[in-house]
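Containing mmCIF, C-alpha atoms: work.cif.
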```
data_coords
loop_
_atom_site.label_atom_id
_atom_site.label_comp_id
_atom_site.auth_asym_id
_atom_site.auth_seq_id
_atom_site.Cartn_x
_atom_site.Cartn_y
_atom_site.Cartn_z
CA MET A 3 16.50 -25.64 17.23
CA GLU A 4 13.63 -23.19 17.78
CA LYS A 5 10.22 -24.85 17.85
CA GLN A 6 8.24 -24.26 14.66
CA LYS A 7 4.49 -23.72 14.26
CA PHE A 8 3.75 -27.21 12.95
CA ASP A 9 6.08 -29.14 15.26
CA GLY A 10 4.03 -31.76 17.06
CA TYR A 11 1.08 -31.42 14.66
CA ALA A 12 2.24 -33.56 11.73
CA ASP A 13 -0.05 -36.48 12.52
CA GLN A 14 -2.98 -34.18 13.35
CA TYR A 15 -2.50 -32.32 10.03
CA ASP A 16 -2.62 -35.48 7.93
CA GLU A 17 -5.43 -36.96 10.00
CA TRP A 18 -7.61 -33.90 9.43
CA PHE A 19 -7.31 -34.25 5.66
CA MET A 20 -8.00 -37.98 5.79
CA LYS A 21 -11.16 -37.43 7.87
CA ASN A 22 -12.24 -34.62 5.56
CA GLU A 23 -11.61 -36.76 2.51
CA HIS A 24 -13.84 -34.82 0.10
CA VAL A 25 -12.26 -31.51 1.09
CA PHE A 26 -8.88 -33.09 0.50
CA THR A 27 -9.95 -34.48 -2.87
CA SER A 28 -11.17 -31.02 -3.92
CA GLU A 29 -7.91 -29.38 -2.86
CA LEU A 30 -5.87 -32.13 -4.51
CA LYS A 31 -7.70 -31.52 -7.79
CA LEU A 32 -6.80 -27.85 -7.56
CA PHE A 33 -3.19 -28.71 -6.71
CA LYS A 34 -2.87 -31.00 -9.74
CA LYS A 35 -4.61 -28.50 -12.04
CA ALA A 36 -2.32 -25.67 -10.96
CA LEU A 37 0.88 -27.70 -11.34
CA GLY A 38 -0.08 -29.14 -14.71
CA ASP A 39 2.38 -31.45 -16.47
CA ILE A 40 5.48 -31.66 -14.28
CA GLN A 41 7.31 -34.40 -16.16
CA GLY A 42 10.94 -33.41 -16.65
CA LYS A 43 10.52 -30.22 -14.64
CA LYS A 44 12.35 -29.10 -11.51
CA LEU A 45 10.03 -28.06 -8.69
CA LEU A 46 10.46 -26.43 -5.30
CA SER A 47 7.78 -26.64 -2.62
CA VAL A 48 8.09 -23.83 -0.09
CA GLY A 49 6.70 -25.06 3.21
CA CYS A 50 6.12 -28.56 1.90
CA GLY A 51 4.71 -29.79 5.21
CA SER A 52 4.32 -33.56 5.44
CA GLY A 53 4.37 -33.99 1.66
CA LEU A 54 0.81 -35.27 1.78
CA PHE A 55 -0.22 -33.67 -1.52
CA GLU A 56 3.07 -34.67 -3.14
CA SER A 57 2.42 -38.30 -2.21
CA TYR A 58 -0.40 -38.31 -4.80
CA ILE A 59 1.86 -37.18 -7.67
CA ASP A 60 5.35 -38.07 -8.86
CA SER A 61 7.41 -36.42 -6.13
CA SER A 62 10.80 -37.56 -7.43
CA GLY A 63 11.65 -34.18 -8.97
CA ILE A 64 10.39 -32.06 -6.07
CA GLU A 65 12.66 -30.27 -3.64
CA GLY A 66 11.28 -28.84 -0.42
CA ILE A 67 11.89 -26.21 2.21
CA GLU A 68 10.20 -26.92 5.53
CA PRO A 69 10.58 -25.25 8.95
CA SER A 70 9.21 -28.20 10.93
CA ARG A 71 11.45 -31.25 11.23
CA ASP A 72 8.39 -33.28 12.28
CA MET A 73 6.65 -32.49 9.01
CA GLY A 74 9.75 -32.60 6.83
CA ALA A 75 10.73 -36.07 8.02
CA ILE A 76 7.41 -37.41 6.76
CA ALA A 77 7.76 -35.50 3.49
CA GLU A 78 11.16 -37.10 2.90
CA LYS A 79 9.63 -40.56 3.36
CA ARG A 80 7.11 -39.54 0.69
CA GLY A 81 9.84 -38.71 -1.81
CA VAL A 82 10.35 -34.97 -1.34
CA ASN A 83 14.01 -33.93 -1.24
CA ILE A 84 14.27 -31.48 1.66
CA ILE A 85 17.02 -29.02 0.75
CA LYS A 86 16.57 -26.91 3.87
CA TYR A 87 15.02 -27.32 7.28
CA GLY A 88 14.06 -23.73 8.03
CA VAL A 89 12.28 -20.80 6.45
CA ILE A 90 12.70 -19.60 2.90
CA GLU A 91 13.89 -16.23 4.17
CA ASP A 92 17.09 -17.96 5.35
CA ALA A 93 17.53 -20.15 2.28
CA GLU A 94 20.06 -19.45 -0.46
CA LEU A 95 18.37 -20.26 -3.74
CA PRO A 96 20.28 -20.29 -7.05
CA GLU A 97 18.85 -17.96 -9.67
CA ASN A 98 17.09 -19.28 -12.78
CA GLU A 99 17.01 -22.81 -11.34
CA TYR A 100 13.39 -24.00 -11.11
CA ASP A 101 10.54 -24.51 -13.56
CA ILE A 102 7.91 -24.28 -10.82
CA ILE A 103 8.01 -22.93 -7.28
CA TYR A 104 4.85 -23.35 -5.27
CA PHE A 105 3.44 -22.43 -1.87
CA ASN A 106 0.66 -24.87 -0.99
CA GLY A 107 -0.94 -23.17 1.99
CA SER A 108 2.35 -21.83 3.32
CA SER A 109 1.79 -18.17 2.39
CA SER A 110 -0.81 -18.11 5.16
CA TYR A 111 1.96 -18.55 7.73
CA MET A 112 4.27 -15.77 6.50
CA GLU A 113 4.05 -12.15 7.62
CA ASP A 114 5.88 -10.34 4.81
CA LEU A 115 5.24 -11.93 1.44
CA SER A 116 7.01 -9.46 -0.85
CA PRO A 117 10.65 -10.49 -0.20
CA VAL A 118 9.67 -14.16 -0.19
CA TYR A 119 7.96 -13.93 -3.58
CA GLU A 120 10.80 -11.80 -4.96
CA LYS A 121 13.35 -14.45 -3.95
CA SER A 122 11.17 -17.14 -5.52
CA LEU A 123 10.83 -15.28 -8.80
CA LYS A 124 14.60 -14.87 -9.04
CA ALA A 125 15.01 -18.62 -8.54
CA LEU A 126 12.61 -19.37 -11.41
CA LYS A 127 13.74 -19.91 -14.97
CA ALA A 128 12.40 -17.51 -17.60
CA GLY A 129 8.88 -18.67 -18.34
CA GLY A 130 8.73 -20.51 -15.01
CA ARG A 131 5.68 -20.40 -12.79
CA LEU A 132 5.17 -19.24 -9.22
CA ILE A 133 2.05 -20.97 -7.87
CA LEU A 134 0.30 -19.81 -4.71
CA LEU A 135 -2.42 -22.05 -3.29
CA ASP A 136 -4.16 -21.21 -0.04
CA VAL A 137 -7.27 -20.18 1.85
CA PRO A 138 -8.02 -16.53 1.06
CA LYS A 139 -8.55 -14.28 4.06
CA GLU A 140 -11.77 -12.97 2.48
CA SER A 141 -13.31 -16.42 1.95
CA ALA A 142 -15.84 -18.11 4.24
CA PHE A 143 -13.05 -20.39 5.49
CA GLY A 144 -10.84 -17.37 6.14
CA PHE A 145 -13.58 -15.68 8.16
CA MET A 146 -14.17 -18.87 10.14
CA TYR A 147 -10.49 -19.27 11.02
CA LEU A 148 -10.08 -15.62 11.95
CA LEU A 149 -13.15 -15.67 14.17
CA GLY A 150 -12.00 -18.87 15.85
CA LYS A 151 -8.57 -17.31 16.34
CA SER A 152 -10.11 -14.15 17.83
CA LEU A 153 -12.42 -16.07 20.16
CA GLY A 154 -9.82 -18.67 21.07
CA THR A 155 -12.30 -21.45 20.35
CA TYR A 156 -14.69 -22.84 17.75
CA ASP A 157 -17.09 -23.78 20.55
CA HIS A 158 -18.78 -20.39 20.91
CA GLU A 159 -22.35 -19.18 20.60
CA TYR A 160 -21.36 -16.94 17.68
CA LEU A 161 -20.39 -20.03 15.69
CA GLU A 162 -23.22 -22.31 16.80
CA GLY A 163 -24.84 -24.02 13.82
CA THR A 164 -22.32 -22.65 11.34
CA MET A 165 -19.32 -24.96 11.67
CA PRO A 166 -18.32 -28.04 9.67
CA SER A 167 -18.26 -31.19 11.79
CA LEU A 168 -14.47 -31.42 11.65
CA PRO A 169 -13.00 -27.90 11.41
CA TYR A 170 -9.30 -27.31 10.76
CA PRO A 171 -7.36 -27.64 14.06
CA LEU A 172 -7.65 -24.34 15.91
CA ALA A 173 -3.99 -24.34 16.95
CA LEU A 174 -2.96 -24.36 13.29
CA ALA A 175 -5.62 -21.88 12.18
CA SER A 176 -4.67 -19.52 15.02
CA SER A 177 -1.00 -19.53 14.04
CA GLY A 178 -1.87 -18.39 10.53
CA VAL A 179 -1.46 -14.83 9.27
CA TRP A 180 -3.97 -15.05 6.38
CA HIS A 181 -3.77 -12.79 3.34
CA THR A 182 -6.32 -11.77 0.74
CA THR A 183 -6.00 -12.87 -2.86
CA GLU A 184 -5.90 -9.26 -4.02
CA GLU A 185 -3.03 -8.56 -1.62
CA LYS A 186 -0.94 -11.33 -3.18
CA ILE A 187 -1.83 -10.20 -6.71
CA GLU A 188 -0.73 -6.63 -5.96
CA ILE A 189 2.57 -7.82 -4.51
CA LEU A 190 3.26 -9.86 -7.64
CA LYS A 191 2.33 -6.97 -9.93
CA LYS A 192 4.82 -4.73 -8.12
CA LEU A 193 7.42 -7.44 -8.72
CA GLY A 194 6.75 -7.22 -12.46
CA ILE A 195 4.30 -10.07 -13.01
CA THR A 196 1.74 -9.44 -15.73
CA ASP A 197 0.75 -13.01 -16.72
CA PHE A 198 -1.78 -14.48 -14.28
CA ARG A 199 -4.18 -17.42 -14.20
CA PHE A 200 -6.57 -18.25 -11.38
CA TYR A 201 -8.37 -21.42 -10.31
CA GLN A 202 -10.56 -22.17 -7.31
CA THR A 203 -12.44 -24.86 -5.41
CA LEU A 204 -14.40 -25.24 -2.13
CA VAL A 205 -17.02 -22.83 -3.38
CA LYS A 206 -19.74 -24.24 -1.11
CA ASN A 207 -20.36 -23.02 2.42
CA PRO A 208 -17.77 -24.68 4.73
CA MET A 209 -20.56 -26.64 6.43
CA TYR A 210 -21.14 -28.56 3.20
CA THR A 211 -17.76 -28.78 1.47
CA ASN A 212 -17.09 -32.30 2.75
CA GLU A 213 -20.33 -33.73 1.38
CA GLU A 214 -18.76 -34.45 -2.02
CA PRO A 215 -15.67 -33.44 -4.00
CA GLU A 216 -15.93 -30.21 -5.98
CA GLU A 217 -14.60 -29.54 -9.45
CA VAL A 218 -12.00 -26.87 -10.14
CA THR A 219 -13.26 -23.72 -11.83
CA GLU A 220 -11.52 -20.63 -13.19
CA GLY A 221 -11.38 -17.46 -11.11
CA TYR A 222 -10.75 -16.61 -7.49
CA LYS A 223 -13.69 -14.63 -6.14
CA SER A 224 -15.78 -17.55 -4.83
CA GLY A 225 -13.40 -20.24 -3.68
CA GLY A 226 -12.36 -21.30 -0.22
CA TYR A 227 -9.12 -22.55 -1.76
CA VAL A 228 -7.55 -20.55 -4.57
CA ALA A 229 -4.58 -20.97 -6.89
CA ILE A 230 -2.73 -18.00 -8.32
CA ILE A 231 -0.43 -18.95 -11.19
CA ALA A 232 2.08 -16.22 -11.98
CA THR A 233 4.38 -16.75 -14.97
CA LYS A 234 7.83 -15.17 -15.08
CA GLN A 235 8.45 -13.30 -18.31
CA GLU A 236 10.48 -15.06 -20.96
CA ASP A 237 13.09 -12.30 -20.80
CA GLY A 238 13.53 -13.17 -17.15
CA LYS A 239 12.34 -9.82 -15.81
#
```
Encoded form (structure tokens):
Amino acid sequence: MEKQKFDGYADQYDEWFMKNEHVFTSELKLFKKALGDIQGKKLLSVGCGSGLFESYIDSSGIEGIEPSRDMGAIAEKRGVNIIKYGVIEDAELPENEYDIIYFNGSSSYMEDLSPVYEKSLKALKAGGRLILLDVPKESAFGFMYLLGKSLGTYDHEYLEGTMPSLPYPLALASSGVWHTTEEKIEILKKLGITDFRFYQTLVKNPMYTNEEPEEVTEGYKSGGYVAIIATKQEDGK
């Protein structure tokens, strides 16, 4: 099988969140807020990774798609039912099947979002929700990752005195594509979505986001981690 971006980084991924515990707590709050009450609902996590976030909620009703077998194996131990090892582009999803489909950070590793979101919307039940959580390209975190990717290092004079003590692993940041929030909104609008909600966290400068957990607020124009909640129309269109 072709090597995937996160193969060999499963432990490093989880370790980063555990060392940046307040960042993780802030993102987990956003994750829980965006999902809402999931009791009795059928969920699909696209790019579920190691299932770290799912391990803090009831993961029994969550199915997952994950390209990396390293990550997916851990997610399965955490209760996520992996229905496909691979990318969503190659997955056959039944229409009108899920109450919630979410991308927790995974949009940032996909080049062309339009067909992926279109497939997801078709797989949602009428009134179901497509939830996109990730680091916006335009945020301070997005700028930091893009600059590190461009320079090939975080250890550069341009970044001196500006970096958090434990930045996201450069190998993972460099493999990201990164999209703006507005870009994702426009794609969804073209796919017929008119019902949106937005939540955000990690509003502080990245140097200070791990000092204490942040609360979730409405909107998307200030956060380093943003949730877009797009609801499929009740008529299924």
Query raised in the report: When distances are computed from all atoms listed in the file, which of A:Ser109, A:Ser28, A:Thr233, A:Ser152 shows the smallest separation from A:Leu135?
Result: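 Closest residue, counting all atoms listed in the file: A:Ser109.
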Query raised in the report: So which one's closest to A:Thr182, A:Glu216, A:Asp197, A:Asp136, A:Asp60? Using only C-alpha atoms, please.
Result: A:Asp136
Query raised in the report: Taking all atoms listed in the file into account, which of A:Leu134, A:Leu204, A:Leu148, A:Met209 comes nearest A:Ser167?
Result: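 With all atoms listed in the file as the atom set, the closest residue is A:Met209.
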Report task. Report as an MDAnalysis selection string the residues that result from applying the PyMOL selection byres ((chain A and resi 116-132) around 9) to the structure here. Result -> chainID A and resid 37 90:91 95:105 112 114:115 133:134 186 189:190 192:193 230:239
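Using only C-alpha atoms, the nearest neighbour of A:Leu46 within the list A:Glu29, A:Glu65, A:Asp72, A:Glu17 is A:Glu65.
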Query raised in the report: Taking all atoms listed in the file into account, which of A:Pro69, A:Gly51, A:Gly107, A:Gly144 comes nearest A:Val82?
Result: A:Gly51
Report summary line: Using all atoms listed in the file, the shortest atom-to-atom distance to A:Pro215 among A:Thr27, A:Ser52, A:Asn83, A:Asn22 belongs to A:Thr27
Query raised in the report: Which neighbours of A:Ile76 fall inside 10 Å, counting all atoms listed in the file, when residues of the same chain fewer than 2 positions from it are skipped, and could you give them as number ranges by chain?
Result: A: 12-13, 51-54, 71-74, 78-82
Output C-alpha atoms for every residue in the selection just made, as a CSV table (one decimal), keeping the file's coordinate frame.
```
chain,number,residue,atom,x,y,z
A,12,ALA,CA,2.2,-33.6,11.7
A,13,ASP,CA,0.0,-36.5,12.5
A,51,GLY,CA,4.7,-29.8,5.2
A,52,SER,CA,4.3,-33.6,5.4
A,53,GLY,CA,4.4,-34.0,1.7
A,54,LEU,CA,0.8,-35.3,1.8
A,71,ARG,CA,11.4,-31.2,11.2
A,72,ASP,CA,8.4,-33.3,12.3
A,73,MET,CA,6.6,-32.5,9.0
A,74,GLY,CA,9.8,-32.6,6.8
A,78,GLU,CA,11.2,-37.1,2.9
A,79,LYS,CA,9.6,-40.6,3.4
A,80,ARG,CA,7.1,-39.5,0.7
A,81,GLY,CA,9.8,-38.7,-1.8
A,82,VAL,CA,10.4,-35.0,-1.3
```
Given the file shown, determine the residues that the PyMOL selection byres ((chain A and resi 179) around 6) selects; report them as a PDB file with C-alpha atoms, in the coordinates of the input.
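Now in part_2.pdb:
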```pdb
ATOM      1  CA  SER A 110      -0.810 -18.110   5.160  1.00  0.00           C
ATOM      2  CA  TYR A 111       1.960 -18.550   7.730  1.00  0.00           C
ATOM      3  CA  GLY A 178      -1.870 -18.390  10.530  1.00  0.00           C
ATOM      4  CA  TRP A 180      -3.970 -15.050   6.380  1.00  0.00           C
TER       5      TRP A 180
END
```
Query raised in the report: Could you work out how far atom CA of A:Ser108 lies from atom CA of A:Val25, giving the answer in Å with one decimal?
Result: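 Atom-to-atom, atom CA of A:Val25 and atom CA of A:Ser108 are spaced 17.7 Å apart.
Distance cut-off 8 Å, centre (11.0, -28.5, -1.7), atoms counted all atoms listed in the file; the residues meeting this are Leu45, Leu46, Ser47, Val48, Gly49, Cys50, Ile64, Glu65, Gly66, Ile67, Glu68, Val82, Asn83, Ile84 and Ile85 of chain A.
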**Report entry** d(atom CA of A:Val137, atom CA of A:Ala229) in Å
**Finding:**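 Atom CA of A:Ala229 lies at a distance of 9.2 Å from atom CA of A:Val137.
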Query raised in the report: Could you state the separation of atom CA of A:Tyr227 and atom CA of A:Leu172 in Å, given to one decimal place?
Result: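 Atom-to-atom, atom CA of A:Tyr227 to atom CA of A:Leu172, that is 17.8 Å.
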Query raised in the report: If we count only C-alpha atoms, what is near stretch 218-225 of chain A at a cut-off of 7 Å, once residues fewer than 5 positions away on the same chain are taken out, given as a list in words?
Result: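 Surrounding residues, per the criterion: Lys31, Leu32, Ser141, Phe200, Tyr201, Gln202, Thr203, Leu204 and Val205 of chain A.
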Report task. Please provide the set of residues having any atom within 8 Å of A:Tyr156, restricted to only C-alpha atoms, with same-chain residues fewer than 3 positions apart removed, written as a list in words. Result ->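 In the requested format, the answer is Gly150, Leu153, Leu161, Met165 and Leu172 of chain A.
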Box for stretch 163-180 of chain A: with edges along x, y and z, all listed atoms inside and 3 Å added on each side, what are the centre and edge lengths in Å to one decimal, as lines of an AutoDock Vina configuration file?
```
center_x = -12.9
center_y = -23.1
center_z = 11.7
size_x = 29.8
size_y = 22.6
size_z = 16.6
```
**Report entry** Test item: the PyMOL selection byres ((chain A and resi 170) around 9) resolved as an NGL selection string
**Finding:** :A and (15 or 18-19 or 147 or 168-169 or 171-175)
How about completing stretch 75-104 of chain A with N, CA and C atoms and giving it to me as an mmCIF file, keeping the file's coordinate frame?
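And here is the file that came out, out_14.cif:
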```
data_model
loop_
_atom_site.group_PDB
_atom_site.id
_atom_site.type_symbol
_atom_site.label_atom_id
_atom_site.label_comp_id
_atom_site.auth_asym_id
_atom_site.auth_seq_id
_atom_site.Cartn_x
_atom_site.Cartn_y
_atom_site.Cartn_z
ATOM 1 N N ALA A 75 10.319 -34.671 7.966
ATOM 2 C CA ALA A 75 10.730 -36.070 8.020
ATOM 3 C C ALA A 75 9.726 -36.963 7.311
ATOM 4 N N ILE A 76 8.449 -36.640 7.455
ATOM 5 C CA ILE A 76 7.410 -37.410 6.760
ATOM 6 C C ILE A 76 7.459 -37.136 5.269
ATOM 7 N N ALA A 77 7.666 -35.863 4.905
ATOM 8 C CA ALA A 77 7.760 -35.500 3.490
ATOM 9 C C ALA A 77 8.896 -36.242 2.802
ATOM 10 N N GLU A 78 10.027 -36.380 3.490
ATOM 11 C CA GLU A 78 11.160 -37.100 2.900
ATOM 12 C C GLU A 78 10.809 -38.556 2.636
ATOM 13 N N LYS A 79 10.065 -39.170 3.557
ATOM 14 C CA LYS A 79 9.630 -40.560 3.360
ATOM 15 C C LYS A 79 8.699 -40.664 2.155
ATOM 16 N N ARG A 80 8.044 -39.561 1.822
ATOM 17 C CA ARG A 80 7.110 -39.540 0.690
ATOM 18 C C ARG A 80 7.788 -39.099 -0.608
ATOM 19 N N GLY A 81 9.105 -38.967 -0.575
ATOM 20 C CA GLY A 81 9.840 -38.710 -1.810
ATOM 21 C C GLY A 81 10.288 -37.296 -2.054
ATOM 22 N N VAL A 82 9.917 -36.363 -1.176
ATOM 23 C CA VAL A 82 10.350 -34.970 -1.340
ATOM 24 C C VAL A 82 11.786 -34.828 -0.840
ATOM 25 N N ASN A 83 12.618 -34.162 -1.621
ATOM 26 C CA ASN A 83 14.010 -33.930 -1.240
ATOM 27 C C ASN A 83 14.102 -32.614 -0.468
ATOM 28 N N ILE A 84 14.193 -32.691 0.848
ATOM 29 C CA ILE A 84 14.270 -31.480 1.660
ATOM 30 C C ILE A 84 15.659 -30.868 1.522
ATOM 31 N N ILE A 85 15.725 -29.682 0.942
ATOM 32 C CA ILE A 85 17.020 -29.020 0.750
ATOM 33 C C ILE A 85 17.341 -28.086 1.907
ATOM 34 N N LYS A 86 16.323 -27.742 2.699
ATOM 35 C CA LYS A 86 16.570 -26.910 3.870
ATOM 36 C C LYS A 86 15.488 -27.114 4.913
ATOM 37 N N TYR A 87 15.922 -27.378 6.146
ATOM 38 C CA TYR A 87 15.020 -27.320 7.280
ATOM 39 C C TYR A 87 15.112 -25.907 7.842
ATOM 40 N N GLY A 88 14.076 -25.127 7.626
ATOM 41 C CA GLY A 88 14.060 -23.730 8.030
ATOM 42 C C GLY A 88 13.095 -22.966 7.179
ATOM 43 N N VAL A 89 13.180 -21.653 7.215
ATOM 44 C CA VAL A 89 12.280 -20.800 6.450
ATOM 45 C C VAL A 89 12.955 -20.341 5.173
ATOM 46 N N ILE A 90 12.153 -20.014 4.180
ATOM 47 C CA ILE A 90 12.700 -19.600 2.900
ATOM 48 C C ILE A 90 13.511 -18.309 3.026
ATOM 49 N N GLU A 91 13.151 -17.481 3.988
ATOM 50 C CA GLU A 91 13.890 -16.230 4.170
ATOM 51 C C GLU A 91 15.373 -16.483 4.430
ATOM 52 N N ASP A 92 15.696 -17.625 5.026
ATOM 53 C CA ASP A 92 17.090 -17.960 5.350
ATOM 54 C C ASP A 92 17.740 -18.878 4.318
ATOM 55 N N ALA A 93 17.006 -19.228 3.292
ATOM 56 C CA ALA A 93 17.530 -20.150 2.280
ATOM 57 C C ALA A 93 18.265 -19.394 1.183
ATOM 58 N N GLU A 94 19.347 -19.988 0.695
ATOM 59 C CA GLU A 94 20.060 -19.450 -0.460
ATOM 60 C C GLU A 94 19.634 -20.239 -1.691
ATOM 61 N N LEU A 95 18.878 -19.591 -2.556
ATOM 62 C CA LEU A 95 18.370 -20.260 -3.740
ATOM 63 C C LEU A 95 19.136 -19.782 -4.979
ATOM 64 N N PRO A 96 19.604 -20.700 -5.804
ATOM 65 C CA PRO A 96 20.280 -20.290 -7.050
ATOM 66 C C PRO A 96 19.288 -19.628 -7.990
ATOM 67 N N GLU A 97 19.734 -18.649 -8.729
ATOM 68 C CA GLU A 97 18.850 -17.960 -9.670
ATOM 69 C C GLU A 97 18.634 -18.798 -10.924
ATOM 70 N N ASN A 98 17.445 -18.632 -11.514
ATOM 71 C CA ASN A 98 17.090 -19.280 -12.780
ATOM 72 C C ASN A 98 17.244 -20.814 -12.706
ATOM 73 N N GLU A 99 16.791 -21.387 -11.607
ATOM 74 C CA GLU A 99 17.010 -22.810 -11.340
ATOM 75 C C GLU A 99 15.768 -23.674 -11.538
ATOM 76 N N TYR A 100 14.590 -23.160 -11.190
ATOM 77 C CA TYR A 100 13.390 -24.000 -11.110
ATOM 78 C C TYR A 100 12.381 -23.670 -12.212
ATOM 79 N N ASP A 101 11.643 -24.700 -12.620
ATOM 80 C CA ASP A 101 10.540 -24.510 -13.560
ATOM 81 C C ASP A 101 9.276 -24.065 -12.829
ATOM 82 N N ILE A 102 9.088 -24.604 -11.629
ATOM 83 C CA ILE A 102 7.910 -24.280 -10.820
ATOM 84 C C ILE A 102 8.327 -24.147 -9.363
ATOM 85 N N ILE A 103 7.892 -23.069 -8.730
ATOM 86 C CA ILE A 103 8.010 -22.930 -7.280
ATOM 87 C C ILE A 103 6.597 -22.716 -6.764
ATOM 88 N N TYR A 104 6.215 -23.493 -5.760
ATOM 89 C CA TYR A 104 4.850 -23.350 -5.270
ATOM 90 C C TYR A 104 4.786 -23.292 -3.748
#
```
